Number of protein chains: 2
Amino acid sequence: MSKGFLLVLSGPSGSGKGTVSEALMKRNDNISFSTSVTTRMPRPGEVNGENYFFTSIDEFETMVEQDELLEYAFVHTNYYGTPKKFVFDEIEKGEIVLLEIDVQGALQVKERYKEAVFIFLLPPTMAELKNRLILRDTETEEEINTRFKNAFKELDFVGEYDYFVVNNKVENAVHNIETIIEAEKLRVKRHKDIKAEVMMEKGEIE
Amino acid sequence: MSKGFLLVLSGPSGSGKGTVSEALMKRNDNISFSTSVTTRMPRPGEVNGENYFFTSIDEFETMVEQDELLEYAFVHTNYYGTPKKFVFDEIEKGEIVLLEIDVQGALQVKERYKEAVFIFLLPPTMAELKNRLILRDTETEEEINTRFKNAFKELDFVGEYDYFVVNNKVENAVHNIETIIEAEKLRVKRHKDIKAEVMMEKGEIE
């Protein structure tokens, strides 16, 4: 009876949104992961429509022009975006669609589709966030500092979100997100006609 | 760090809001029950400021004029109302204040204080609602029919509420209300300055 919804899980780099998303998906069969569209070439083993929707630059730019994307970005030499059609089809089926995305992307989604549920994932402290950026060990000190400064600035956008979840432990963060999902399912606005639902059951209304 | 909020639990008579409120209070120490103000005389054993705030008709009417009530009603020969001061003082302390109230009262609260969280308690079916009205065994058949018709009409107002909870079993209803409370605590708008909170912790921000 209930429609699904888009769950946007977002936060600065180092907040742990990738790890939390993965743990959340593992524990919940009824959540679909939003599939992005990209112009980059498929890597060996990647399946079109599963890992990504692979497309040409021309096709991608047409999608942008025709307002078919919830958000998009140009990273290095490739486009990445979130197709509306995939998300809205899943929602219509009653699915919860998870979109894990950076803060800039989430703000784009909010402009185009404010009906989504926006969760900001926070590091427990800024010191812990810096630790996590250092522990990745894949970036130079300069890159780490840039990411840290960006994270600091991005905290200003938490006011644009519906909920915040502190990622002190992955299990706690996942539990809090599950609580938000359960509560959102009980929202009146996600049901078409509650009176009809109550009256239909057993059809015993006089 | 988080502010409290007013939780308005409402529904037609026979939805079971009294029983659910009692079970919810028993399991949650951090919920305060909203204390009403009334012009009726205290019964033996009733304590002013605990069971009710007892007041005179003059004083009550002054409260109405000065907009000091979230809602009020005149029942038989007495006034009953919900004082803003009590509710807002508790919220400021971080408490969750439970107001169990009929649909007309909830709609009055919504007009004056839409920041509250509004939950509509539903009977599982209309047949079950009628059963419950009959089982009370305190009313004539005519009174039961009137209440049933009112309940039927009141379902039209579910769209004014934030959440709905089906009271098929008291434990399930209480669990769902607890889930809503937990999620509402994670709302960005209930926190003054999340960025400051993240940065203050351990004060390790550079």
# chains A, B, ... in the order shown; residues from 1 in each chain; ligands from 1
$ residues_around --residues "Ala183 of chain B" --least-positions-apart "5" --cutoff "9 Å" --atoms "only C-alpha atoms" --output "PyMOL selection string"
(chain A and resi 163+176-177+179-184) or (chain B and resi 178)
$ write_last_selection --atoms "C-alpha atoms" --output "PDB file, in the first residue's frame"
ATOM      1  CA  TYR A 163      18.297  13.820   9.562  1.00  0.00           C
ATOM      2  CA  ASN A 176      19.901   4.675  13.313  1.00  0.00           C
ATOM      3  CA  ILE A 177      19.353   4.683   9.553  1.00  0.00           C
ATOM      4  CA  THR A 179      15.091   3.501  12.561  1.00  0.00           C
ATOM      5  CA  ILE A 180      14.692   6.471  10.217  1.00  0.00           C
ATOM      6  CA  ILE A 181      13.501   4.125   7.439  1.00  0.00           C
ATOM      7  CA  GLU A 182      10.929   2.463   9.735  1.00  0.00           C
ATOM      8  CA  ALA A 183       9.592   5.845  10.873  1.00  0.00           C
ATOM      9  CA  GLU A 184       9.443   7.200   7.312  1.00  0.00           C
TER      10      GLU A 184
ATOM     11  CA  GLU B 178       9.063   4.527  19.981  1.00  0.00           C
TER      12      GLU B 178
END
$ interface_residues --of "chain B" --to "chain A" --cutoff "10 Å" --atoms "only C-alpha atoms" --output "PyMOL selection string"
chain B and resi 119-120+122-128+130+152-166+176-206
$ write_last_selection --atoms "C-alpha atoms" --output "CSV table (one decimal), in the first residue's frame"
chain,number,residue,atom,x,y,z
B,119,ILE,CA,0.5,10.7,15.3
B,120,PHE,CA,-2.9,9.4,14.3
B,122,LEU,CA,-5.9,3.9,13.8
B,123,PRO,CA,-8.0,0.9,14.7
B,124,PRO,CA,-7.0,-2.1,12.5
B,125,THR,CA,-10.5,-2.2,10.9
B,126,MET,CA,-13.7,-0.2,11.4
B,127,ALA,CA,-15.4,-3.5,12.6
B,128,GLU,CA,-12.8,-3.8,15.3
B,130,LYS,CA,-17.1,-0.9,16.7
B,152,PHE,CA,-15.7,7.5,10.6
B,153,LYS,CA,-15.7,11.2,9.9
B,154,GLU,CA,-12.6,11.9,11.9
B,155,LEU,CA,-10.6,9.5,9.7
B,156,ASP,CA,-10.8,12.3,7.1
B,157,PHE,CA,-8.3,14.3,9.1
B,158,VAL,CA,-5.5,11.8,9.0
B,159,GLY,CA,-3.9,13.9,6.3
B,160,GLU,CA,-3.3,16.7,8.8
B,161,TYR,CA,-1.0,14.3,10.8
B,162,ASP,CA,2.7,13.5,10.3
B,163,TYR,CA,2.5,9.8,11.1
B,164,PHE,CA,-0.1,7.0,11.5
B,165,VAL,CA,0.1,4.0,13.6
B,166,VAL,CA,-2.3,1.0,13.4
B,176,ASN,CA,6.1,2.0,16.3
B,177,ILE,CA,5.7,5.2,18.4
B,178,GLU,CA,9.1,4.5,20.0
B,179,THR,CA,10.6,4.2,16.5
B,180,ILE,CA,9.0,7.5,15.5
B,181,ILE,CA,10.5,9.1,18.7
B,182,GLU,CA,14.0,7.8,18.0
B,183,ALA,CA,13.9,9.0,14.4
B,184,GLU,CA,12.5,12.4,15.4
B,185,LYS,CA,15.5,12.8,17.8
B,186,LEU,CA,17.8,12.5,14.7
B,187,ARG,CA,16.1,15.4,12.9
B,188,VAL,CA,18.5,18.2,12.0
B,189,LYS,CA,15.9,20.8,12.9
B,190,ARG,CA,15.8,19.7,16.6
B,191,HIS,CA,19.4,20.6,17.1
B,192,LYS,CA,20.7,24.1,17.3
B,193,ASP,CA,24.1,23.8,15.8
B,194,ILE,CA,25.3,20.4,14.7
B,195,LYS,CA,28.6,21.7,13.3
B,196,ALA,CA,29.5,23.2,16.7
B,197,GLU,CA,28.6,19.9,18.4
B,198,VAL,CA,30.9,17.9,16.1
B,199,MET,CA,33.7,20.4,16.6
B,200,MET,CA,33.3,20.9,20.3
B,201,GLU,CA,33.8,17.2,21.1
B,202,LYS,CA,37.3,16.9,22.5
B,203,GLY,CA,38.0,20.3,21.1
B,204,GLU,CA,40.5,18.9,18.7
B,205,ILE,CA,39.5,20.9,15.7
B,206,GLU,CA,42.4,23.0,14.2
$ closest_residue --among "A:Ile96, A:Gly4, A:Phe118, A:Phe86" --to "Asn28 of chain A" --atoms "only C-alpha atoms"
A:Ile96
$ select_by_dssp --residues "segment 13-156 of chain A" --states "alpha helix (DSSP H)" --output "ChimeraX atom specification"
/A:17-27,57-65,84-92,103-112,126-136,141-154
$ write_last_selection --atoms "C-alpha atoms" --output "mmCIF file, in the first residue's frame"
data_model
loop_
_atom_site.group_PDB
_atom_site.id
_atom_site.type_symbol
_atom_site.label_atom_id
_atom_site.label_comp_id
_atom_site.auth_asym_id
_atom_site.auth_seq_id
_atom_site.Cartn_x
_atom_site.Cartn_y
_atom_site.Cartn_z
ATOM 1 C CA LYS A 17 29.284 6.668 3.965
ATOM 2 C CA GLY A 18 30.628 3.884 1.736
ATOM 3 C CA THR A 19 31.140 1.447 4.615
ATOM 4 C CA VAL A 20 27.795 2.325 6.204
ATOM 5 C CA SER A 21 25.932 1.930 2.885
ATOM 6 C CA GLU A 22 27.460 -1.485 2.339
ATOM 7 C CA ALA A 23 26.544 -2.674 5.844
ATOM 8 C CA LEU A 24 23.027 -1.274 5.454
ATOM 9 C CA MET A 25 22.495 -3.065 2.106
ATOM 10 C CA LYS A 26 23.806 -6.357 3.521
ATOM 11 C CA ARG A 27 21.204 -6.320 6.304
ATOM 12 C CA ILE A 57 28.911 11.317 -24.012
ATOM 13 C CA ASP A 58 26.297 12.393 -26.561
ATOM 14 C CA GLU A 59 23.600 10.311 -24.917
ATOM 15 C CA PHE A 60 24.612 11.572 -21.480
ATOM 16 C CA GLU A 61 24.439 15.196 -22.570
ATOM 17 C CA THR A 62 21.003 14.573 -24.057
ATOM 18 C CA MET A 63 19.882 13.162 -20.689
ATOM 19 C CA VAL A 64 21.134 16.341 -18.995
ATOM 20 C CA GLU A 65 19.308 18.564 -21.493
ATOM 21 C CA LYS A 84 15.425 9.627 -12.551
ATOM 22 C CA LYS A 85 13.739 6.761 -14.384
ATOM 23 C CA PHE A 86 15.502 3.995 -12.440
ATOM 24 C CA VAL A 87 14.828 5.686 -9.090
ATOM 25 C CA PHE A 88 11.176 6.543 -9.763
ATOM 26 C CA ASP A 89 10.386 3.066 -11.169
ATOM 27 C CA GLU A 90 11.734 1.425 -8.004
ATOM 28 C CA ILE A 91 9.829 3.844 -5.757
ATOM 29 C CA GLU A 92 6.611 3.091 -7.629
ATOM 30 C CA VAL A 103 27.425 16.662 -0.347
ATOM 31 C CA GLN A 104 27.477 18.529 -3.666
ATOM 32 C CA GLY A 105 25.497 15.721 -5.307
ATOM 33 C CA ALA A 106 22.969 15.564 -2.476
ATOM 34 C CA LEU A 107 22.325 19.305 -2.769
ATOM 35 C CA GLN A 108 21.651 18.855 -6.501
ATOM 36 C CA VAL A 109 19.149 16.081 -5.704
ATOM 37 C CA LYS A 110 17.461 18.305 -3.137
ATOM 38 C CA GLU A 111 16.914 21.025 -5.750
ATOM 39 C CA ARG A 112 15.253 18.574 -8.138
ATOM 40 C CA MET A 126 36.801 16.342 13.322
ATOM 41 C CA ALA A 127 39.957 14.715 14.744
ATOM 42 C CA GLU A 128 38.510 11.289 13.962
ATOM 43 C CA LEU A 129 37.656 12.448 10.448
ATOM 44 C CA LYS A 130 41.250 13.522 9.905
ATOM 45 C CA ASN A 131 42.467 10.150 11.225
ATOM 46 C CA ARG A 132 40.280 8.356 8.735
ATOM 47 C CA LEU A 133 41.559 10.467 5.863
ATOM 48 C CA ILE A 134 45.156 9.711 6.916
ATOM 49 C CA LEU A 135 44.490 5.977 7.416
ATOM 50 C CA ARG A 136 43.326 5.604 3.814
ATOM 51 C CA GLU A 141 49.394 15.153 2.686
ATOM 52 C CA GLU A 142 48.196 18.016 0.514
ATOM 53 C CA GLU A 143 45.249 15.994 -0.760
ATOM 54 C CA ILE A 144 44.371 14.994 2.807
ATOM 55 C CA ASN A 145 44.435 18.636 3.914
ATOM 56 C CA THR A 146 42.241 19.676 1.000
ATOM 57 C CA ARG A 147 39.711 16.948 1.804
ATOM 58 C CA PHE A 148 39.751 17.955 5.457
ATOM 59 C CA LYS A 149 39.113 21.612 4.631
ATOM 60 C CA ASN A 150 36.299 20.624 2.268
ATOM 61 C CA ALA A 151 34.749 18.390 4.935
ATOM 62 C CA PHE A 152 34.865 21.300 7.357
ATOM 63 C CA LYS A 153 33.066 23.559 4.865
ATOM 64 C CA GLU A 154 30.545 20.878 3.935
#
$ select_by_dssp --residues "segment 39-189 of chain B" --states "strand (DSSP E)" --output "compact mmCIF listing (two decimals) with C-alpha atoms, in the first residue's frame"
# COMPACT_ATOMS: atom_id res chain seq x y z
CA TYR B 52 -4.28 18.67 36.78
CA PHE B 53 -3.66 22.35 37.28
CA PHE B 54 -6.90 23.37 39.02
CA LEU B 69 -3.34 27.38 25.79
CA LEU B 70 -2.41 25.00 22.96
CA GLU B 71 -6.03 23.83 22.85
CA TYR B 72 -9.08 23.82 25.08
CA ALA B 73 -12.61 22.47 25.25
CA PHE B 74 -15.73 22.96 27.32
CA VAL B 75 -17.02 19.54 28.42
CA ASN B 78 -16.08 22.47 32.85
CA TYR B 79 -13.16 23.78 30.84
CA TYR B 80 -10.13 21.62 30.06
CA GLY B 81 -7.02 22.88 28.28
CA THR B 82 -3.33 22.33 27.59
CA PRO B 83 -1.11 25.11 28.97
CA ILE B 96 9.46 14.62 25.16
CA VAL B 97 5.96 15.66 26.20
CA LEU B 98 3.09 13.32 25.40
CA LEU B 99 -0.33 14.83 24.78
CA GLU B 100 -3.07 12.23 24.37
CA ILE B 101 -6.04 13.96 22.86
CA VAL B 117 4.87 15.63 16.06
CA PHE B 118 1.35 14.45 15.22
CA ILE B 119 0.52 10.74 15.31
CA PHE B 120 -2.88 9.42 14.29
CA LEU B 121 -3.75 6.13 15.98
CA LEU B 122 -5.91 3.91 13.80
CA TYR B 163 2.49 9.77 11.08
CA PHE B 164 -0.11 7.04 11.47
CA VAL B 165 0.13 3.95 13.65
CA VAL B 166 -2.26 1.02 13.38
$ residues_around --residues "Lys93 of chain B" --least-positions-apart "6" --cutoff "12 Å" --atoms "only C-alpha atoms" --output "NGL selection string"
:B and (1-5 or 30-32 or 86-87)
